[in-house]
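**Q** My questions will all concern the structure given below.
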Amino acid sequence: MYGDDATVRKILTELGDTWAVVGLSNNRQRAAYGVAEVLQRFGKRVVPVHPKAETVHGEQGYASLADIPFDVDVVDVFVNGDLAGPVADAAVAKGADAVWFQLGVVDEAAYGRTRDAGLEMVMDRCPAIEIPRLG
């Protein structure tokens, strides 16, 4: 497993409340839309990152992580596994504290690079499932 319970808890409760959600758009049918809604309900600021740079859940969107003009704490990744590694690298470059790959997204090389850079990382888990379990 990539991200034990202690790491999940740390990311969700200690590393900050600004989450860049890569792949978040106004498409209500996509998982990112619902997960972002849950994160907001639990007090997280959700920043949409999508090529369309749409405003979602009241937050201005950006086309890339590099375009966000402020710091982000966690980068939540809702992209195809083949594209996830470059997003993790962009999160490192952005100065994020953690990267979270959603259910079904696994890239062992990206996990190693991200952890070697000093970031916390979780793969193949969903914060919308994990955060309510924290109690």
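Ligands are numbered from 1 in the order shown, residues from 1 within each chain, and chains are lettered A, B, ... in the order they appear in the structure tokens.
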Step one, run DSSP on the backbone; step two, keep only residues of chain A assigned to alpha helix (DSSP H); then write them as a VMD selection string.

**A** chain A and resid 5 to 13 31 to 41 81 to 94 108 to 116 127 to 133

**Q** Distance table requested - range 8-99 of chain A against range 113-120 of chain A, cut-off 9 Å, only C-alpha atoms: one row per qualifying residue with the closest atom pair and its distance in Å to one decimal, ordered by chain and rising residue number, as a tab-separated table.

**A**
```
residue	atom	partner	partner_atom	distance
A:Val8	CA	A:Glu120	CA	8.9
A:Lys10	CA	A:Glu120	CA	8.6
A:Ile11	CA	A:Glu120	CA	7.3
A:Ala88	CA	A:Thr114	CA	6.6
A:Asp89	CA	A:Thr114	CA	7.0
A:Ala91	CA	A:Thr114	CA	8.5
A:Val92	CA	A:Thr114	CA	6.8
A:Gly95	CA	A:Leu119	CA	8.9
A:Ala96	CA	A:Leu119	CA	7.4
A:Asp97	CA	A:Leu119	CA	5.2
A:Ala98	CA	A:Glu120	CA	4.5
A:Val99	CA	A:Glu120	CA	6.5
```

**Q** Closest to Arg45 in chain A among A:Asn27, A:Thr13, A:Thr18, A:Ser64, using only C-alpha atoms?

**A** A:Thr18

**Q** Write out as a PDB file with all heavy atoms, in the first residue's frame all residues of chain A that backbone DSSP assigns to strand (DSSP E or B).

**A**
```pdb
ATOM      1  N   THR A  18      -5.148  23.923   1.791  1.00  0.00           N
ATOM      2  CA  THR A  18      -5.303  24.336   0.396  1.00  0.00           C
ATOM      3  C   THR A  18      -4.925  23.165  -0.499  1.00  0.00           C
ATOM      4  O   THR A  18      -3.767  22.749  -0.538  1.00  0.00           O
ATOM      5  CB  THR A  18      -4.435  25.572   0.079  1.00  0.00           C
ATOM      6  OG1 THR A  18      -4.825  26.632   0.953  1.00  0.00           O
ATOM      7  CG2 THR A  18      -4.635  26.006  -1.368  1.00  0.00           C
ATOM      8  N   TRP A  19      -5.934  22.636  -1.169  1.00  0.00           N
ATOM      9  CA  TRP A  19      -5.773  21.458  -2.024  1.00  0.00           C
ATOM     10  C   TRP A  19      -5.980  21.852  -3.485  1.00  0.00           C
ATOM     11  O   TRP A  19      -7.045  22.344  -3.854  1.00  0.00           O
ATOM     12  CB  TRP A  19      -6.808  20.396  -1.653  1.00  0.00           C
ATOM     13  CG  TRP A  19      -6.527  19.655  -0.393  1.00  0.00           C
ATOM     14  CD1 TRP A  19      -6.293  20.186   0.844  1.00  0.00           C
ATOM     15  CD2 TRP A  19      -6.456  18.249  -0.238  1.00  0.00           C
ATOM     16  NE1 TRP A  19      -6.085  19.186   1.748  1.00  0.00           N
ATOM     17  CE2 TRP A  19      -6.175  17.985   1.114  1.00  0.00           C
ATOM     18  CE3 TRP A  19      -6.605  17.176  -1.119  1.00  0.00           C
ATOM     19  CZ2 TRP A  19      -6.043  16.697   1.608  1.00  0.00           C
ATOM     20  CZ3 TRP A  19      -6.485  15.892  -0.623  1.00  0.00           C
ATOM     21  CH2 TRP A  19      -6.197  15.656   0.723  1.00  0.00           C
ATOM     22  N   ALA A  20      -4.973  21.637  -4.313  1.00  0.00           N
ATOM     23  CA  ALA A  20      -5.121  21.781  -5.755  1.00  0.00           C
ATOM     24  C   ALA A  20      -5.623  20.444  -6.282  1.00  0.00           C
ATOM     25  O   ALA A  20      -4.994  19.407  -6.041  1.00  0.00           O
ATOM     26  CB  ALA A  20      -3.784  22.141  -6.394  1.00  0.00           C
ATOM     27  N   VAL A  21      -6.758  20.441  -6.942  1.00  0.00           N
ATOM     28  CA  VAL A  21      -7.351  19.205  -7.453  1.00  0.00           C
ATOM     29  C   VAL A  21      -7.166  19.189  -8.972  1.00  0.00           C
ATOM     30  O   VAL A  21      -7.874  19.888  -9.709  1.00  0.00           O
ATOM     31  CB  VAL A  21      -8.828  19.066  -7.045  1.00  0.00           C
ATOM     32  CG1 VAL A  21      -9.399  17.756  -7.574  1.00  0.00           C
ATOM     33  CG2 VAL A  21      -8.963  19.132  -5.520  1.00  0.00           C
ATOM     34  N   VAL A  22      -6.199  18.402  -9.418  1.00  0.00           N
ATOM     35  CA  VAL A  22      -5.852  18.336 -10.834  1.00  0.00           C
ATOM     36  C   VAL A  22      -6.837  17.403 -11.542  1.00  0.00           C
ATOM     37  O   VAL A  22      -6.979  16.241 -11.177  1.00  0.00           O
ATOM     38  CB  VAL A  22      -4.406  17.852 -11.022  1.00  0.00           C
ATOM     39  CG1 VAL A  22      -4.065  17.757 -12.501  1.00  0.00           C
ATOM     40  CG2 VAL A  22      -3.439  18.783 -10.294  1.00  0.00           C
ATOM     41  N   ARG A  45      -9.819  24.239   1.269  1.00  0.00           N
ATOM     42  CA  ARG A  45      -9.963  25.109   0.108  1.00  0.00           C
ATOM     43  C   ARG A  45      -9.569  24.280  -1.101  1.00  0.00           C
ATOM     44  O   ARG A  45      -8.461  23.746  -1.156  1.00  0.00           O
ATOM     45  CB  ARG A  45      -9.054  26.322   0.210  1.00  0.00           C
ATOM     46  CG  ARG A  45      -9.158  27.227  -1.006  1.00  0.00           C
ATOM     47  CD  ARG A  45      -8.226  28.406  -0.923  1.00  0.00           C
ATOM     48  NE  ARG A  45      -8.429  29.272  -2.075  1.00  0.00           N
ATOM     49  CZ  ARG A  45      -7.635  30.280  -2.376  1.00  0.00           C
ATOM     50  NH1 ARG A  45      -6.599  30.561  -1.611  1.00  0.00           N
ATOM     51  NH2 ARG A  45      -7.882  31.006  -3.444  1.00  0.00           N
ATOM     52  N   VAL A  46     -10.449  24.183  -2.065  1.00  0.00           N
ATOM     53  CA  VAL A  46     -10.230  23.361  -3.247  1.00  0.00           C
ATOM     54  C   VAL A  46      -9.964  24.268  -4.444  1.00  0.00           C
ATOM     55  O   VAL A  46     -10.791  25.102  -4.792  1.00  0.00           O
ATOM     56  CB  VAL A  46     -11.458  22.458  -3.503  1.00  0.00           C
ATOM     57  CG1 VAL A  46     -11.321  21.738  -4.816  1.00  0.00           C
ATOM     58  CG2 VAL A  46     -11.631  21.464  -2.362  1.00  0.00           C
ATOM     59  N   VAL A  47      -8.801  24.096  -5.054  1.00  0.00           N
ATOM     60  CA  VAL A  47      -8.404  24.908  -6.196  1.00  0.00           C
ATOM     61  C   VAL A  47      -8.440  24.024  -7.445  1.00  0.00           C
ATOM     62  O   VAL A  47      -7.656  23.075  -7.556  1.00  0.00           O
ATOM     63  CB  VAL A  47      -6.987  25.482  -5.992  1.00  0.00           C
ATOM     64  CG1 VAL A  47      -6.583  26.337  -7.186  1.00  0.00           C
ATOM     65  CG2 VAL A  47      -6.903  26.259  -4.683  1.00  0.00           C
ATOM     66  N   PRO A  48      -9.357  24.295  -8.377  1.00  0.00           N
ATOM     67  CA  PRO A  48      -9.446  23.482  -9.596  1.00  0.00           C
ATOM     68  C   PRO A  48      -8.240  23.689 -10.517  1.00  0.00           C
ATOM     69  O   PRO A  48      -7.819  24.824 -10.751  1.00  0.00           O
ATOM     70  CB  PRO A  48     -10.718  23.996 -10.281  1.00  0.00           C
ATOM     71  CG  PRO A  48     -11.441  24.807  -9.260  1.00  0.00           C
ATOM     72  CD  PRO A  48     -10.402  25.317  -8.316  1.00  0.00           C
ATOM     73  N   VAL A  49      -7.691  22.585 -11.017  1.00  0.00           N
ATOM     74  CA  VAL A  49      -6.621  22.645 -12.010  1.00  0.00           C
ATOM     75  C   VAL A  49      -7.068  21.779 -13.185  1.00  0.00           C
ATOM     76  O   VAL A  49      -7.239  20.570 -13.050  1.00  0.00           O
ATOM     77  CB  VAL A  49      -5.283  22.133 -11.431  1.00  0.00           C
ATOM     78  CG1 VAL A  49      -4.195  22.192 -12.506  1.00  0.00           C
ATOM     79  CG2 VAL A  49      -4.879  22.936 -10.206  1.00  0.00           C
ATOM     80  N   VAL A  56     -14.965  26.291 -10.179  1.00  0.00           N
ATOM     81  CA  VAL A  56     -15.720  25.131  -9.706  1.00  0.00           C
ATOM     82  C   VAL A  56     -15.918  25.273  -8.198  1.00  0.00           C
ATOM     83  O   VAL A  56     -14.980  25.633  -7.476  1.00  0.00           O
ATOM     84  CB  VAL A  56     -14.971  23.810  -9.999  1.00  0.00           C
ATOM     85  CG1 VAL A  56     -15.808  22.604  -9.585  1.00  0.00           C
ATOM     86  CG2 VAL A  56     -14.585  23.706 -11.472  1.00  0.00           C
ATOM     87  N   GLU A  59     -14.519  28.376  -6.569  1.00  0.00           N
ATOM     88  CA  GLU A  59     -13.084  28.661  -6.596  1.00  0.00           C
ATOM     89  C   GLU A  59     -12.595  28.813  -8.027  1.00  0.00           C
ATOM     90  O   GLU A  59     -12.901  27.979  -8.884  1.00  0.00           O
ATOM     91  CB  GLU A  59     -12.291  27.537  -5.922  1.00  0.00           C
ATOM     92  CG  GLU A  59     -12.382  27.528  -4.416  1.00  0.00           C
ATOM     93  CD  GLU A  59     -11.538  28.616  -3.744  1.00  0.00           C
ATOM     94  OE1 GLU A  59     -10.676  29.234  -4.409  1.00  0.00           O
ATOM     95  OE2 GLU A  59     -11.757  28.831  -2.547  1.00  0.00           O
ATOM     96  N   TYR A  62      -7.380  27.063 -12.572  1.00  0.00           N
ATOM     97  CA  TYR A  62      -6.123  27.387 -13.237  1.00  0.00           C
ATOM     98  C   TYR A  62      -5.796  26.269 -14.214  1.00  0.00           C
ATOM     99  O   TYR A  62      -6.136  25.106 -13.974  1.00  0.00           O
ATOM    100  CB  TYR A  62      -4.998  27.560 -12.219  1.00  0.00           C
ATOM    101  CG  TYR A  62      -5.272  28.697 -11.275  1.00  0.00           C
ATOM    102  CD1 TYR A  62      -5.974  28.495 -10.095  1.00  0.00           C
ATOM    103  CD2 TYR A  62      -4.877  29.993 -11.598  1.00  0.00           C
ATOM    104  CE1 TYR A  62      -6.266  29.553  -9.245  1.00  0.00           C
ATOM    105  CE2 TYR A  62      -5.158  31.064 -10.753  1.00  0.00           C
ATOM    106  CZ  TYR A  62      -5.854  30.829  -9.578  1.00  0.00           C
ATOM    107  OH  TYR A  62      -6.150  31.878  -8.751  1.00  0.00           O
ATOM    108  N   VAL A  74      -1.530  20.498  -0.692  1.00  0.00           N
ATOM    109  CA  VAL A  74      -1.697  19.135  -1.191  1.00  0.00           C
ATOM    110  C   VAL A  74      -2.150  19.195  -2.642  1.00  0.00           C
ATOM    111  O   VAL A  74      -2.993  20.022  -2.995  1.00  0.00           O
ATOM    112  CB  VAL A  74      -2.745  18.356  -0.351  1.00  0.00           C
ATOM    113  CG1 VAL A  74      -2.897  16.933  -0.861  1.00  0.00           C
ATOM    114  CG2 VAL A  74      -2.373  18.361   1.136  1.00  0.00           C
ATOM    115  N   VAL A  75      -1.592  18.313  -3.459  1.00  0.00           N
ATOM    116  CA  VAL A  75      -2.022  18.189  -4.854  1.00  0.00           C
ATOM    117  C   VAL A  75      -2.727  16.850  -4.992  1.00  0.00           C
ATOM    118  O   VAL A  75      -2.123  15.792  -4.794  1.00  0.00           O
ATOM    119  CB  VAL A  75      -0.833  18.309  -5.826  1.00  0.00           C
ATOM    120  CG1 VAL A  75      -1.296  18.066  -7.259  1.00  0.00           C
ATOM    121  CG2 VAL A  75      -0.169  19.674  -5.691  1.00  0.00           C
ATOM    122  N   ASP A  76      -4.028  16.912  -5.268  1.00  0.00           N
ATOM    123  CA  ASP A  76      -4.880  15.735  -5.413  1.00  0.00           C
ATOM    124  C   ASP A  76      -5.024  15.466  -6.912  1.00  0.00           C
ATOM    125  O   ASP A  76      -5.441  16.349  -7.663  1.00  0.00           O
ATOM    126  CB  ASP A  76      -6.235  16.027  -4.766  1.00  0.00           C
ATOM    127  CG  ASP A  76      -7.118  14.816  -4.643  1.00  0.00           C
ATOM    128  OD1 ASP A  76      -6.677  13.696  -4.945  1.00  0.00           O
ATOM    129  OD2 ASP A  76      -8.283  14.998  -4.228  1.00  0.00           O
ATOM    130  N   VAL A  77      -4.664  14.264  -7.349  1.00  0.00           N
ATOM    131  CA  VAL A  77      -4.493  13.987  -8.768  1.00  0.00           C
ATOM    132  C   VAL A  77      -5.585  13.064  -9.309  1.00  0.00           C
ATOM    133  O   VAL A  77      -5.661  11.894  -8.930  1.00  0.00           O
ATOM    134  CB  VAL A  77      -3.089  13.391  -9.034  1.00  0.00           C
ATOM    135  CG1 VAL A  77      -2.878  13.148 -10.511  1.00  0.00           C
ATOM    136  CG2 VAL A  77      -2.007  14.309  -8.466  1.00  0.00           C
ATOM    137  N   ALA A  98       2.426  17.629  -0.068  1.00  0.00           N
ATOM    138  CA  ALA A  98       1.955  16.258  -0.278  1.00  0.00           C
ATOM    139  C   ALA A  98       1.307  16.108  -1.637  1.00  0.00           C
ATOM    140  O   ALA A  98       0.817  17.080  -2.223  1.00  0.00           O
ATOM    141  CB  ALA A  98       0.951  15.868   0.818  1.00  0.00           C
ATOM    142  N   VAL A  99       1.297  14.867  -2.108  1.00  0.00           N
ATOM    143  CA  VAL A  99       0.616  14.493  -3.353  1.00  0.00           C
ATOM    144  C   VAL A  99      -0.291  13.314  -3.032  1.00  0.00           C
ATOM    145  O   VAL A  99       0.102  12.398  -2.305  1.00  0.00           O
ATOM    146  CB  VAL A  99       1.627  14.098  -4.452  1.00  0.00           C
ATOM    147  CG1 VAL A  99       0.908  13.595  -5.696  1.00  0.00           C
ATOM    148  CG2 VAL A  99       2.540  15.272  -4.792  1.00  0.00           C
ATOM    149  N   TRP A 100      -1.489  13.360  -3.588  1.00  0.00           N
ATOM    150  CA  TRP A 100      -2.469  12.290  -3.359  1.00  0.00           C
ATOM    151  C   TRP A 100      -2.955  11.809  -4.715  1.00  0.00           C
ATOM    152  O   TRP A 100      -3.573  12.560  -5.454  1.00  0.00           O
ATOM    153  CB  TRP A 100      -3.643  12.835  -2.555  1.00  0.00           C
ATOM    154  CG  TRP A 100      -4.563  11.781  -2.044  1.00  0.00           C
ATOM    155  CD1 TRP A 100      -5.271  10.877  -2.779  1.00  0.00           C
ATOM    156  CD2 TRP A 100      -4.877  11.516  -0.680  1.00  0.00           C
ATOM    157  NE1 TRP A 100      -6.006  10.072  -1.963  1.00  0.00           N
ATOM    158  CE2 TRP A 100      -5.776  10.442  -0.661  1.00  0.00           C
ATOM    159  CE3 TRP A 100      -4.480  12.087   0.525  1.00  0.00           C
ATOM    160  CZ2 TRP A 100      -6.305   9.923   0.515  1.00  0.00           C
ATOM    161  CZ3 TRP A 100      -5.001  11.581   1.702  1.00  0.00           C
ATOM    162  CH2 TRP A 100      -5.901  10.509   1.693  1.00  0.00           C
ATOM    163  N   PHE A 101      -2.653  10.547  -5.054  1.00  0.00           N
ATOM    164  CA  PHE A 101      -3.175   9.935  -6.275  1.00  0.00           C
ATOM    165  C   PHE A 101      -4.466   9.205  -5.914  1.00  0.00           C
ATOM    166  O   PHE A 101      -4.497   8.407  -4.979  1.00  0.00           O
ATOM    167  CB  PHE A 101      -2.186   8.925  -6.855  1.00  0.00           C
ATOM    168  CG  PHE A 101      -1.022   9.509  -7.608  1.00  0.00           C
ATOM    169  CD1 PHE A 101      -0.776  10.864  -7.684  1.00  0.00           C
ATOM    170  CD2 PHE A 101      -0.153   8.662  -8.266  1.00  0.00           C
ATOM    171  CE1 PHE A 101       0.298  11.380  -8.385  1.00  0.00           C
ATOM    172  CE2 PHE A 101       0.938   9.154  -8.981  1.00  0.00           C
ATOM    173  CZ  PHE A 101       1.161  10.512  -9.043  1.00  0.00           C
ATOM    174  N   GLU A 120       5.078  14.075   1.387  1.00  0.00           N
ATOM    175  CA  GLU A 120       4.250  12.930   1.754  1.00  0.00           C
ATOM    176  C   GLU A 120       3.491  12.519   0.499  1.00  0.00           C
ATOM    177  O   GLU A 120       3.203  13.350  -0.363  1.00  0.00           O
ATOM    178  CB  GLU A 120       3.263  13.296   2.863  1.00  0.00           C
ATOM    179  CG  GLU A 120       3.918  13.729   4.157  1.00  0.00           C
ATOM    180  CD  GLU A 120       4.653  12.607   4.868  1.00  0.00           C
ATOM    181  OE1 GLU A 120       4.371  11.430   4.597  1.00  0.00           O
ATOM    182  OE2 GLU A 120       5.516  12.919   5.708  1.00  0.00           O
ATOM    183  N   MET A 121       3.154  11.230   0.402  1.00  0.00           N
ATOM    184  CA  MET A 121       2.404  10.789  -0.772  1.00  0.00           C
ATOM    185  C   MET A 121       1.541   9.589  -0.447  1.00  0.00           C
ATOM    186  O   MET A 121       1.936   8.708   0.315  1.00  0.00           O
ATOM    187  CB  MET A 121       3.335  10.448  -1.928  1.00  0.00           C
ATOM    188  CG  MET A 121       2.571  10.153  -3.207  1.00  0.00           C
ATOM    189  SD  MET A 121       3.628  10.233  -4.647  1.00  0.00           S
ATOM    190  CE  MET A 121       2.434   9.893  -5.937  1.00  0.00           C
ATOM    191  N   VAL A 122       0.364   9.598  -1.055  1.00  0.00           N
ATOM    192  CA  VAL A 122      -0.590   8.497  -0.972  1.00  0.00           C
ATOM    193  C   VAL A 122      -1.021   8.177  -2.392  1.00  0.00           C
ATOM    194  O   VAL A 122      -1.217   9.081  -3.200  1.00  0.00           O
ATOM    195  CB  VAL A 122      -1.815   8.897  -0.120  1.00  0.00           C
ATOM    196  CG1 VAL A 122      -2.918   7.865  -0.218  1.00  0.00           C
ATOM    197  CG2 VAL A 122      -1.418   9.122   1.325  1.00  0.00           C
TER     198      VAL A 122
END
```

**Q** Pick from A:Ala93, A:Phe78, A:Pro127, A:Pro86: nearest to Ala109 in chain A, with only C-alpha atoms counted?

**A**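 Selected residue with least distance to Ala109 in chain A: A:Pro86.
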
**Q** Give the answer as one residue: which of A:Val72, A:Leu103, A:Ala110, A:Ala6 has the shortest atom-to-atom distance to Ala128 in chain A, using only C-alpha atoms?

**A**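 Closest to Ala128 in chain A of all the choices is A:Leu103.
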